[in-house]
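**Student:** I am sharing structure-v6.txt, which consists of compact mmCIF, C-alpha atoms (C1' of nucleotides):
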```txt
# COMPACT_ATOMS: atom_id res chain seq x y z
CA MET R 34 125.37 76.51 80.60
CA GLU R 35 122.36 78.70 81.10
CA GLU R 36 120.22 78.77 84.17
CA LYS R 37 116.61 78.28 83.30
CA TYR R 38 115.33 79.66 86.56
CA THR R 39 116.40 82.06 89.22
CA SER R 40 118.67 80.11 91.46
CA TYR R 41 117.49 80.36 95.01
CA PRO R 42 120.33 78.24 96.41
CA THR R 43 122.73 81.11 95.77
CA CYS R 44 120.78 83.11 98.31
CA LEU R 45 121.99 82.82 101.87
CA TYR R 46 118.53 83.47 103.24
CA TYR R 47 117.09 80.63 101.24
CA SER R 48 119.87 78.13 101.92
CA ALA R 49 120.07 78.92 105.60
CA ASN R 50 116.36 78.34 105.96
CA ALA R 51 116.39 75.12 103.99
CA LEU R 52 119.21 73.77 106.14
CA SER R 53 117.52 74.89 109.29
CA ARG R 54 114.33 73.02 108.42
CA ILE R 55 116.21 69.82 107.70
CA MET R 56 118.29 70.07 110.85
CA THR R 57 115.26 70.74 112.99
CA LYS R 58 113.57 67.69 111.62
CA MET R 59 116.66 65.60 112.24
CA ALA R 60 116.98 66.97 115.76
CA ASP R 61 113.36 66.30 116.57
CA GLU R 62 113.86 62.71 115.45
CA ALA R 63 116.97 62.40 117.57
CA PHE R 64 115.24 63.83 120.63
CA ALA R 65 112.07 61.78 120.13
CA PRO R 66 113.11 59.14 122.71
CA THR R 67 113.15 61.88 125.35
CA GLY R 68 109.56 62.84 124.60
CA LEU R 69 110.65 66.41 123.94
CA SER R 70 111.18 68.36 120.80
CA SER R 71 114.55 69.91 120.26
CA SER R 72 113.99 73.37 121.71
CA TYR R 73 112.62 71.97 124.93
CA ALA R 74 115.54 69.60 125.22
CA PHE R 75 117.97 72.49 124.85
CA LEU R 76 116.04 74.47 127.41
CA LEU R 77 116.21 71.64 129.91
CA MET R 78 119.93 71.21 129.37
CA THR R 79 120.47 74.92 129.83
CA VAL R 80 118.52 75.13 133.06
CA ASN R 81 120.04 71.95 134.38
CA GLU R 82 123.48 73.32 133.83
CA SER R 83 122.70 76.64 135.53
CA PRO R 84 119.89 76.17 138.02
CA GLY R 85 118.33 79.52 138.90
CA ILE R 86 119.21 81.06 135.55
CA ASN R 87 117.00 83.96 134.37
CA PRO R 88 114.89 83.88 131.23
CA LYS R 89 117.00 86.71 129.86
CA ASP R 90 120.17 84.68 130.11
CA ILE R 91 118.49 81.62 128.68
CA SER R 92 117.39 83.81 125.81
CA CYS R 93 121.00 84.85 125.20
CA ARG R 94 122.35 81.33 125.34
CA MET R 95 119.66 79.87 123.12
CA LYS R 96 119.42 82.86 120.78
CA LEU R 97 115.66 83.00 121.11
CA THR R 98 113.64 86.03 122.15
CA PRO R 99 112.58 86.46 125.78
CA SER R 100 108.94 86.00 124.94
CA THR R 101 109.70 82.70 123.28
CA ILE R 102 111.62 81.61 126.35
CA THR R 103 108.69 82.49 128.59
CA ARG R 104 106.49 80.34 126.40
CA LEU R 105 108.87 77.40 126.46
CA ILE R 106 109.29 77.61 130.22
CA GLU R 107 105.53 77.79 130.75
CA LYS R 108 105.05 74.55 128.92
CA MET R 109 107.83 72.80 130.77
CA GLU R 110 106.44 74.05 134.05
CA TYR R 111 103.06 72.70 133.10
CA ARG R 112 104.60 69.32 132.32
CA GLY R 113 106.45 69.32 135.61
CA PHE R 114 109.99 69.69 134.31
CA LEU R 115 110.75 73.23 135.37
CA GLU R 116 109.86 75.57 138.20
CA ARG R 117 109.90 79.35 138.39
CA ARG R 118 110.66 81.49 141.41
CA GLN R 119 109.96 85.21 141.31
CA CYS R 120 112.76 87.39 142.74
CA GLY R 121 111.80 91.02 142.45
CA ARG R 122 111.63 91.75 138.77
CA ASN R 123 113.72 88.72 137.99
CA THR R 124 112.62 85.18 137.59
CA GLU R 125 114.75 82.20 138.51
CA VAL R 126 114.23 78.96 136.70
CA PHE R 127 115.00 75.60 138.29
CA PRO R 128 114.86 72.02 137.10
CA THR R 129 112.62 69.61 138.95
CA LYS R 130 113.73 66.16 140.05
CA GLN R 131 111.65 64.72 137.27
CA SER R 132 113.60 66.65 134.66
CA GLN R 133 116.95 65.64 136.12
CA LYS R 134 116.12 62.05 135.36
CA LEU R 135 115.67 63.04 131.74
CA ILE R 136 119.05 64.68 131.35
CA PRO R 137 121.09 61.57 130.54
CA LEU R 138 118.58 60.68 127.85
CA ILE R 139 118.83 64.16 126.42
CA ILE R 140 122.60 64.11 126.38
CA LYS R 141 122.52 60.76 124.65
CA ALA R 142 120.03 61.98 122.03
CA TRP R 143 122.12 65.04 121.43
CA SER R 144 125.23 63.05 120.80
CA ASP R 145 123.27 60.77 118.48
CA LEU R 146 122.31 63.85 116.53
CA TYR R 147 125.95 64.88 116.13
CA GLU R 148 126.82 61.36 115.09
CA LYS R 149 124.13 61.22 112.51
CA TYR R 150 124.95 64.39 110.67
CA GLU R 151 128.68 63.89 111.02
CA GLU R 152 128.26 60.54 109.39
CA ILE R 153 126.54 62.12 106.42
CA LEU R 154 128.69 65.20 106.08
CA GLY R 155 131.98 63.91 107.36
CA LYS R 156 133.29 64.91 110.76
CA GLU R 157 135.75 67.48 109.54
CA GLU R 158 133.35 69.04 107.10
CA ALA R 159 130.54 69.15 109.60
CA ARG R 160 132.71 70.99 112.09
CA ASN R 161 133.98 73.46 109.57
CA LEU R 162 130.52 74.19 108.36
CA THR R 163 129.18 74.63 111.86
CA ALA R 164 132.02 76.97 112.74
CA ALA R 165 131.53 78.99 109.57
CA ILE R 166 127.83 79.33 110.21
CA HIS R 167 128.45 80.35 113.79
CA GLN R 168 130.96 82.98 112.75
CA ALA R 169 128.56 84.39 110.18
CA GLN R 170 125.79 84.47 112.70
CA LEU R 171 127.96 86.45 115.10
CA LYS R 172 128.88 88.99 112.44
CA LEU R 173 125.34 89.41 111.22
CA ASN R 174 123.93 89.72 114.68
CA ILE R 175 124.88 93.35 115.07
CA MET A 235 140.85 77.75 128.70
CA GLU A 236 137.94 75.78 130.00
CA GLU A 237 134.39 76.02 128.78
CA LYS A 238 132.09 76.84 131.60
CA TYR A 239 128.98 75.72 129.76
CA THR A 240 127.99 73.31 127.10
CA SER A 241 128.78 75.01 123.88
CA TYR A 242 125.72 75.07 121.69
CA PRO A 243 127.45 76.84 118.82
CA THR A 244 129.37 73.64 118.08
CA CYS A 245 126.05 72.02 117.22
CA LEU A 246 124.99 72.31 113.62
CA TYR A 247 121.33 72.19 114.55
CA TYR A 248 121.72 75.11 116.89
CA SER A 249 123.90 77.23 114.60
CA ALA A 250 121.81 76.59 111.54
CA ASN A 251 118.70 77.69 113.38
CA ALA A 252 120.31 80.77 114.80
CA LEU A 253 121.51 81.82 111.37
CA SER A 254 118.16 81.09 109.84
CA ARG A 255 116.37 83.33 112.31
CA ILE A 256 118.73 86.21 111.67
CA MET A 257 118.54 85.82 107.92
CA THR A 258 114.77 85.67 107.96
CA LYS A 259 114.64 88.86 109.93
CA MET A 260 117.04 90.52 107.54
CA ALA A 261 115.05 89.28 104.56
CA ASP A 262 111.78 90.48 105.98
CA GLU A 263 113.31 93.91 106.45
CA ALA A 264 114.63 93.90 102.90
CA PHE A 265 111.26 92.88 101.48
CA ALA A 266 109.29 95.29 103.63
CA PRO A 267 109.00 97.89 100.84
CA THR A 268 107.10 95.30 98.78
CA GLY A 269 104.54 94.80 101.53
CA LEU A 270 105.32 91.09 101.58
CA SER A 271 107.30 88.94 103.88
CA SER A 272 110.09 86.93 102.43
CA SER A 273 108.32 83.63 101.73
CA TYR A 274 105.56 85.35 99.84
CA ALA A 275 108.04 87.32 97.81
CA PHE A 276 109.81 84.11 96.82
CA LEU A 277 106.51 82.53 95.95
CA LEU A 278 105.58 85.43 93.70
CA MET A 279 108.94 85.33 91.96
CA THR A 280 108.60 81.61 91.39
CA VAL A 281 105.13 81.82 89.94
CA ASN A 282 106.01 84.82 87.83
CA GLU A 283 108.91 82.97 86.35
CA SER A 284 106.84 79.88 85.53
CA PRO A 285 103.19 80.84 85.16
CA GLY A 286 100.97 77.80 85.48
CA ILE A 287 103.42 75.99 87.77
CA ASN A 288 101.93 73.35 90.11
CA PRO A 289 102.09 73.57 93.89
CA LYS A 290 104.18 70.41 93.88
CA ASP A 291 106.86 72.02 91.77
CA ILE A 292 106.76 75.20 93.78
CA SER A 293 107.24 73.03 96.82
CA CYS A 294 110.36 71.48 95.27
CA ARG A 295 111.84 74.80 94.24
CA MET A 296 111.17 76.49 97.54
CA LYS A 297 111.94 73.46 99.71
CA LEU A 298 108.71 73.85 101.64
CA THR A 299 106.06 71.17 102.06
CA PRO A 300 103.05 71.07 99.75
CA SER A 301 100.67 71.96 102.53
CA THR A 302 102.70 75.03 103.32
CA ILE A 303 102.61 76.01 99.67
CA THR A 304 98.84 75.66 99.60
CA ARG A 305 98.64 77.98 102.57
CA LEU A 306 100.93 80.56 101.02
CA ILE A 307 99.04 80.48 97.73
CA GLU A 308 95.69 80.84 99.49
CA LYS A 309 96.80 84.01 101.10
CA MET A 310 98.18 85.46 97.92
CA GLU A 311 94.99 84.56 96.12
CA TYR A 312 93.05 86.32 98.81
CA ARG A 313 95.18 89.39 98.41
CA GLY A 314 94.75 89.33 94.65
CA PHE A 315 98.30 88.42 93.68
CA LEU A 316 97.80 84.85 92.49
CA GLU A 317 95.12 82.81 90.81
CA ARG A 318 94.54 79.05 90.81
CA ARG A 319 93.07 76.99 88.00
CA GLN A 320 92.05 73.41 88.66
CA CYS A 321 93.16 70.95 85.97
CA GLY A 322 92.04 67.49 86.92
CA ARG A 323 93.94 66.62 90.02
CA ASN A 324 96.53 69.27 89.29
CA THR A 325 96.38 72.92 90.12
CA GLU A 326 97.95 75.60 88.00
CA VAL A 327 99.04 78.79 89.63
CA PHE A 328 99.21 82.08 87.76
CA PRO A 329 100.29 85.58 88.67
CA THR A 330 97.74 88.35 88.35
CA LYS A 331 98.45 91.67 86.68
CA GLN A 332 98.57 93.24 90.08
CA SER A 333 101.39 90.96 91.15
CA GLN A 334 103.37 91.57 87.98
CA LYS A 335 103.65 95.19 88.93
CA LEU A 336 105.27 94.11 92.17
CA ILE A 337 107.97 91.99 90.59
CA PRO A 338 110.51 94.75 89.94
CA LEU A 339 110.18 95.87 93.54
CA ILE A 340 110.73 92.32 94.72
CA ILE A 341 113.79 91.83 92.55
CA LYS A 342 115.20 95.09 93.86
CA ALA A 343 114.55 94.10 97.47
CA TRP A 344 116.14 90.76 96.90
CA SER A 345 119.29 92.27 95.50
CA ASP A 346 119.36 94.70 98.42
CA LEU A 347 119.32 91.69 100.70
CA TYR A 348 122.32 90.15 98.96
CA GLU A 349 124.10 93.46 99.14
CA LYS A 350 123.47 93.85 102.81
CA TYR A 351 124.76 90.51 103.95
CA GLU A 352 127.61 90.53 101.47
CA GLU A 353 128.67 93.85 102.89
CA ILE A 354 128.80 92.38 106.38
CA LEU A 355 130.31 89.02 105.53
CA GLY A 356 132.40 89.92 102.51
CA LYS A 357 131.31 88.90 99.05
CA GLU A 358 133.65 85.96 98.73
CA GLU A 359 132.93 84.62 102.17
CA ALA A 360 129.20 85.01 101.76
CA ARG A 361 129.25 83.01 98.57
CA ASN A 362 131.40 80.27 99.97
CA LEU A 363 129.21 79.98 103.01
CA THR A 364 126.05 79.87 100.94
CA ALA A 365 127.49 77.21 98.69
CA ALA A 366 128.68 75.14 101.63
CA ILE A 367 125.29 75.35 103.28
CA HIS A 368 123.57 74.41 100.07
CA GLN A 369 125.82 71.40 99.57
CA ALA A 370 125.22 70.21 103.11
CA GLN A 371 121.51 70.62 102.68
CA LEU A 372 121.59 68.47 99.55
CA LYS A 373 123.54 65.73 101.29
CA LEU A 374 121.35 65.73 104.37
CA ASN A 375 118.18 65.78 102.39
CA ILE A 376 118.26 62.06 101.67
C1' DC O 206 112.42 112.12 148.14
C1' DA O 207 109.50 112.02 143.84
C1' DT O 208 109.47 111.46 139.36
C1' DA O 209 111.35 109.67 135.06
C1' DT O 210 113.91 106.16 132.76
C1' DT O 211 115.50 101.67 132.10
C1' DT O 212 115.25 96.76 132.40
C1' DA O 213 113.19 91.90 132.96
C1' DT O 214 109.30 89.45 132.27
C1' DT O 215 104.89 88.22 130.69
C1' DT O 216 100.67 88.57 127.78
C1' DG O 217 97.89 89.25 123.53
C1' DT O 218 98.11 88.22 119.08
C1' DA O 219 99.91 86.90 114.60
C1' DT O 220 102.66 84.15 111.41
C1' DG O 221 105.13 80.53 109.11
C1' DT O 222 105.58 75.88 108.87
C1' DA O 223 104.57 71.03 109.31
C1' DC O 224 102.19 66.42 109.94
C1' DA O 225 98.50 63.46 109.28
C1' DA O 226 94.23 62.67 107.32
C1' DA O 227 90.88 63.49 103.70
C1' DC O 228 89.88 63.88 98.91
C1' DA O 229 90.02 63.45 94.21
C1' DA O 230 91.88 62.23 89.91
C1' DG O 231 94.93 59.18 87.14
C1' DA O 232 97.28 55.05 86.29
C1' DC O 233 97.77 49.97 86.91
C1' DT O 234 96.26 45.24 87.09
C1' DT O 235 93.93 41.40 86.08
C1' DA J 255 85.61 47.50 83.07
C1' DA J 256 86.12 47.21 88.27
C1' DG J 257 88.80 47.54 91.75
C1' DT J 258 93.30 48.77 93.63
C1' DC J 259 97.34 51.72 94.02
C1' DT J 260 99.59 56.08 93.42
C1' DT J 261 99.96 60.91 93.25
C1' DG J 262 98.72 65.94 93.77
C1' DT J 263 96.22 68.93 96.55
C1' DT J 264 93.79 70.64 100.34
C1' DT J 265 92.06 70.65 105.21
C1' DG J 266 92.21 70.17 110.29
C1' DT J 267 95.11 70.96 113.70
C1' DA J 268 99.26 71.92 116.26
C1' DC J 269 103.60 74.14 117.26
C1' DA J 270 107.61 77.20 117.48
C1' DT J 271 108.63 81.68 117.20
C1' DA J 272 108.22 86.65 117.13
C1' DC J 273 106.56 91.57 117.81
C1' DA J 274 104.37 94.98 120.33
C1' DA J 275 102.18 96.31 124.37
C1' DA J 276 101.55 95.78 129.29
C1' DT J 277 103.51 95.15 133.94
C1' DA J 278 106.41 95.58 137.45
C1' DA J 279 110.65 96.25 139.64
C1' DA J 280 115.08 98.76 139.90
C1' DT J 281 117.83 102.59 138.97
C1' DA J 282 118.93 107.30 137.83
C1' DT J 283 117.85 112.23 137.93
C1' DG J 284 116.38 116.50 139.33
```
Output the file's structure as structure tokens, nothing else.
**Tutor:**
Amino acid sequence: MEEKYTSYPTCLYYSANALSRIMTKMADEAFAPTGLSSSYAFLLMTVNESPGINPKDISCRMKLTPSTITRLIEKMEYRGFLERRQCGRNTEVFPTKQSQKLIPLIIKAWSDLYEKYEEILGKEEARNLTAAIHQAQLKLNI
Amino acid sequence: MEEKYTSYPTCLYYSANALSRIMTKMADEAFAPTGLSSSYAFLLMTVNESPGINPKDISCRMKLTPSTITRLIEKMEYRGFLERRQCGRNTEVFPTKQSQKLIPLIIKAWSDLYEKYEEILGKEEARNLTAAIHQAQLKLNI
DNA sequence: CATATTTATTTGTATGTACAAACAAGACTT
DNA sequence: AAGTCTTGTTTGTACATACAAATAAATATG
């Protein structure tokens, strides 16, 4: 059984990226009813859960760089879903009333997302895979 | 042991994306000596392996959309690493001599990448994870 | 206390990727 | 053979994300 071509799927970089693109697409579909794409939905959940949270901490929780977080917040501020308050060198981010109305929809969409991929992969398998990926990510993150 | 916050790492979308960002960074570091970022390096390998390949087929092998492939090729053409020949409605993509010189460097960088993450994750574990991710990606891709 | 260092945030800019629409060539259909 | 459908490719445009540099505030150091 000879391989005709170099087999990219044996490369973690390649596979991780391929999966990530599919999952992002799936997530964006799931979050479509909220009018937000997935990253913004996560941002709103994060801020709603910890009103006054700093960009730095959001960045840690979401594993995105601070500059990315600034950009996401800016857009949500512009759309009236978030609000920033300057506190010395820190910034505190708060949800607006408007965004709080969205939260149930977001939660629902998120659980639909779980449902959808768990249906395809199997619940057990999906969880194992997610855990394995998370573990790897932690190890590699040093 | 109660969770204070919603636990994003239990979400496959979130974990897959986090891993993908780390791996891309790692890959870009590994490929730095070639002067290319990872996607371009993969593109060059692919074309070098199958000179005359169509964008469509590259798109399948790399799991990127055709429009993305066009964009990648354009840039490599501009930099003198690839060449396009129009054949009716198809396009054939060829490596230039210049790019062939790069191939050994790319192969080396790629194997360095494997080495690096296998060192951190363990060879066995890295392979299992990669295979699991690849399988999931296949299933979800429908 | 004044200066130097560190830390949090934002800005300028670049990049990879995608979607939808446009185009162009081939393949069907009648 | 003419018109329709399909398929491969490219373009216009938009978006998420990052890096490096700039700011600005807080902290440490001499």
**Student:** Quote the spacing between atom CA of R:Leu135 and atom CA of R:Arg118 in Å to one decimal place.
**Tutor:** 21.4 Å
**Student:** Any idea what the distance is between atom CA of R:Lys96 and atom C1' of J:DA278?
**Tutor:** 24.7 Å
**Student:** Quick one: which residues from chain R are at most 7 Å off chain J, using only C-alpha atoms (C1' of nucleotides), as a list in words?
**Tutor:**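 Applying the cut-off to the listed atoms yields Thr101, Gly121 and Arg122 of chain R.
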**Student:** Between A:Leu278, A:Ala343, A:Val327, A:Leu372, which is the closest to chain R once you count all atoms listed in the file?
**Tutor:**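 Once distances to chain R are computed over all atoms listed in the file, the minimum belongs to A:Leu372.
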**Student:** Quick one: superpose chain A onto chain R using all C-alpha atoms paired in order, least squares, and give it to me as a compact mmCIF listing (two decimals) with C-alpha atoms, in the coordinates of the input.
**Tutor:**
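Ended up saving to part13.txt:
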```txt
# COMPACT_ATOMS: atom_id res chain seq x y z
CA MET A 235 125.21 75.96 80.63
CA GLU A 236 122.39 78.36 81.17
CA GLU A 237 120.22 78.55 84.24
CA LYS A 238 116.62 78.18 83.32
CA TYR A 239 115.35 79.63 86.57
CA THR A 240 116.43 82.03 89.20
CA SER A 241 118.70 80.10 91.44
CA TYR A 242 117.51 80.37 95.00
CA PRO A 243 120.33 78.25 96.40
CA THR A 244 122.73 81.13 95.75
CA CYS A 245 120.79 83.15 98.30
CA LEU A 246 121.99 82.85 101.86
CA TYR A 247 118.53 83.50 103.22
CA TYR A 248 117.09 80.66 101.22
CA SER A 249 119.88 78.17 101.91
CA ALA A 250 120.07 78.95 105.59
CA ASN A 251 116.35 78.37 105.95
CA ALA A 252 116.40 75.16 103.99
CA LEU A 253 119.21 73.81 106.13
CA SER A 254 117.51 74.92 109.29
CA ARG A 255 114.34 73.06 108.42
CA ILE A 256 116.21 69.86 107.70
CA MET A 257 118.29 70.11 110.84
CA THR A 258 115.26 70.77 112.99
CA LYS A 259 113.58 67.72 111.60
CA MET A 260 116.67 65.64 112.23
CA ALA A 261 116.97 67.01 115.75
CA ASP A 262 113.36 66.33 116.55
CA GLU A 263 113.85 62.75 115.43
CA ALA A 264 116.97 62.42 117.55
CA PHE A 265 115.23 63.83 120.61
CA ALA A 266 112.07 61.81 120.12
CA PRO A 267 113.11 59.15 122.67
CA THR A 268 113.13 61.89 125.33
CA GLY A 269 109.55 62.85 124.56
CA LEU A 270 110.65 66.42 123.90
CA SER A 271 111.20 68.38 120.79
CA SER A 272 114.55 69.92 120.26
CA SER A 273 113.99 73.40 121.71
CA TYR A 274 112.64 71.99 124.92
CA ALA A 275 115.54 69.61 125.22
CA PHE A 276 117.97 72.51 124.85
CA LEU A 277 116.04 74.48 127.41
CA LEU A 278 116.21 71.64 129.91
CA MET A 279 119.93 71.21 129.36
CA THR A 280 120.50 74.91 129.86
CA VAL A 281 118.53 75.11 133.06
CA ASN A 282 120.05 71.93 134.40
CA GLU A 283 123.49 73.30 133.83
CA SER A 284 122.73 76.61 135.57
CA PRO A 285 119.88 76.14 138.03
CA GLY A 286 118.33 79.46 138.93
CA ILE A 287 119.21 81.02 135.56
CA ASN A 288 117.01 83.94 134.41
CA PRO A 289 114.92 83.86 131.25
CA LYS A 290 117.03 86.70 129.91
CA ASP A 291 120.19 84.65 130.14
CA ILE A 292 118.50 81.61 128.70
CA SER A 293 117.42 83.82 125.86
CA CYS A 294 121.03 84.86 125.23
CA ARG A 295 122.37 81.33 125.36
CA MET A 296 119.68 79.89 123.14
CA LYS A 297 119.45 82.88 120.80
CA LEU A 298 115.68 83.02 121.12
CA THR A 299 113.68 86.05 122.20
CA PRO A 300 112.62 86.46 125.82
CA SER A 301 108.97 86.03 124.99
CA THR A 302 109.73 82.75 123.30
CA ILE A 303 111.64 81.63 126.36
CA THR A 304 108.70 82.49 128.60
CA ARG A 305 106.50 80.35 126.40
CA LEU A 306 108.89 77.41 126.44
CA ILE A 307 109.30 77.61 130.21
CA GLU A 308 105.54 77.79 130.75
CA LYS A 309 105.06 74.57 128.93
CA MET A 310 107.82 72.80 130.78
CA GLU A 311 106.43 74.05 134.06
CA TYR A 312 103.07 72.69 133.07
CA ARG A 313 104.59 69.35 132.30
CA GLY A 314 106.44 69.30 135.60
CA PHE A 315 109.97 69.67 134.29
CA LEU A 316 110.75 73.22 135.38
CA GLU A 317 109.86 75.54 138.22
CA ARG A 318 109.90 79.34 138.39
CA ARG A 319 110.64 81.45 141.43
CA GLN A 320 109.92 85.16 141.33
CA CYS A 321 112.71 87.33 142.76
CA GLY A 322 111.73 90.95 142.49
CA ARG A 323 111.57 91.68 138.83
CA ASN A 324 113.71 88.68 138.03
CA THR A 325 112.61 85.12 137.61
CA GLU A 326 114.74 82.16 138.54
CA VAL A 327 114.23 78.93 136.72
CA PHE A 328 115.01 75.57 138.29
CA PRO A 329 114.87 71.99 137.07
CA THR A 330 112.63 69.59 138.94
CA LYS A 331 113.72 66.13 140.03
CA GLN A 332 111.63 64.71 137.27
CA SER A 333 113.58 66.63 134.66
CA GLN A 334 116.93 65.62 136.11
CA LYS A 335 116.10 62.04 135.34
CA LEU A 336 115.67 63.03 131.71
CA ILE A 337 119.04 64.69 131.33
CA PRO A 338 121.08 61.58 130.51
CA LEU A 339 118.57 60.67 127.83
CA ILE A 340 118.81 64.16 126.39
CA ILE A 341 122.59 64.14 126.35
CA LYS A 342 122.52 60.77 124.61
CA ALA A 343 120.03 62.00 122.01
CA TRP A 344 122.10 65.06 121.40
CA SER A 345 125.23 63.08 120.78
CA ASP A 346 123.26 60.79 118.47
CA LEU A 347 122.31 63.88 116.51
CA TYR A 348 125.94 64.91 116.11
CA GLU A 349 126.81 61.40 115.08
CA LYS A 350 124.12 61.26 112.48
CA TYR A 351 124.95 64.44 110.66
CA GLU A 352 128.67 63.93 111.01
CA GLU A 353 128.25 60.56 109.39
CA ILE A 354 126.52 62.15 106.42
CA LEU A 355 128.69 65.23 106.08
CA GLY A 356 132.00 63.92 107.36
CA LYS A 357 133.27 64.93 110.76
CA GLU A 358 135.73 67.51 109.53
CA GLU A 359 133.34 69.08 107.09
CA ALA A 360 130.53 69.19 109.61
CA ARG A 361 132.70 71.02 112.09
CA ASN A 362 133.98 73.50 109.58
CA LEU A 363 130.50 74.22 108.37
CA THR A 364 129.18 74.67 111.88
CA ALA A 365 132.01 77.00 112.75
CA ALA A 366 131.54 79.02 109.58
CA ILE A 367 127.83 79.35 110.22
CA HIS A 368 128.44 80.37 113.79
CA GLN A 369 130.95 83.02 112.75
CA ALA A 370 128.57 84.43 110.17
CA GLN A 371 125.79 84.52 112.69
CA LEU A 372 127.96 86.50 115.10
CA LYS A 373 128.89 89.02 112.43
CA LEU A 374 125.34 89.45 111.20
CA ASN A 375 123.94 89.75 114.65
CA ILE A 376 124.93 93.39 115.02
```
**Student:** Please report as a count of residues only which residues of chain A come no farther than 6 Å from chain R, using only C-alpha atoms.
**Tutor:** 11
**Student:** By how many Å are atom CA of A:Thr299 and atom CA of A:Arg318 apart?
**Tutor:**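 Result for atom CA of A:Thr299 versus atom CA of A:Arg318: 17.9 Å, one decimal.
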**Student:** Determine which residues of chain O sit within 9 Å of chain A, taking into account only C-alpha atoms (C1' of nucleotides), and present them as number ranges by chain.
**Tutor:** O: 221-223, 229-231
**Student:** Produce a file of the selected residues containing C-alpha atoms (C1' of nucleotides), as a PDB file, in the coordinates of the input.
**Tutor:**
```pdb
ATOM      1  C1'  DG O 221     105.130  80.530 109.110  1.00  0.00           C
ATOM      2  C1'  DT O 222     105.580  75.880 108.870  1.00  0.00           C
ATOM      3  C1'  DA O 223     104.570  71.030 109.310  1.00  0.00           C
ATOM      4  C1'  DA O 229      90.020  63.450  94.210  1.00  0.00           C
ATOM      5  C1'  DA O 230      91.880  62.230  89.910  1.00  0.00           C
ATOM      6  C1'  DG O 231      94.930  59.180  87.140  1.00  0.00           C
TER       7       DG O 231
END
```
**Student:** Given 3 Å of margin on each side, can you work out the centre and size in Å (one decimal) of an axis-aligned box holding every listed atom of stretch 325-334 of chain A, as AutoDock Vina command-line options?
**Tutor:**
```
--center_x 99.9 --center_y 83.1 --center_z 88.9 --size_x 13.0 --size_y 26.3 --size_z 10.5
```
**Student:** Export stretch 328-345 of chain A, C-alpha atoms, as an mmCIF file, in the first residue's frame; it's the structure right above.
**Tutor:**
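Output below, filename result.cif:
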```cif
data_model
loop_
_atom_site.group_PDB
_atom_site.id
_atom_site.type_symbol
_atom_site.label_atom_id
_atom_site.label_comp_id
_atom_site.auth_asym_id
_atom_site.auth_seq_id
_atom_site.Cartn_x
_atom_site.Cartn_y
_atom_site.Cartn_z
ATOM 1 C CA PHE A 328 3.792 24.559 -12.212
ATOM 2 C CA PRO A 329 6.747 25.139 -9.940
ATOM 3 C CA THR A 330 9.556 27.330 -11.221
ATOM 4 C CA LYS A 331 13.215 26.403 -10.961
ATOM 5 C CA GLN A 332 13.553 28.931 -8.214
ATOM 6 C CA SER A 333 10.944 27.162 -6.123
ATOM 7 C CA GLN A 334 12.509 23.759 -6.665
ATOM 8 C CA LYS A 335 15.594 24.973 -4.892
ATOM 9 C CA LEU A 336 13.432 25.766 -1.898
ATOM 10 C CA ILE A 337 11.867 22.338 -1.595
ATOM 11 C CA PRO A 338 14.594 20.685 0.489
ATOM 12 C CA LEU A 339 14.459 23.576 2.929
ATOM 13 C CA ILE A 340 10.694 23.222 3.166
ATOM 14 C CA ILE A 341 10.856 19.494 3.752
ATOM 15 C CA LYS A 342 13.432 20.059 6.461
ATOM 16 C CA ALA A 343 11.321 22.739 8.130
ATOM 17 C CA TRP A 344 8.308 20.522 7.998
ATOM 18 C CA SER A 345 10.088 17.664 9.686
#
```
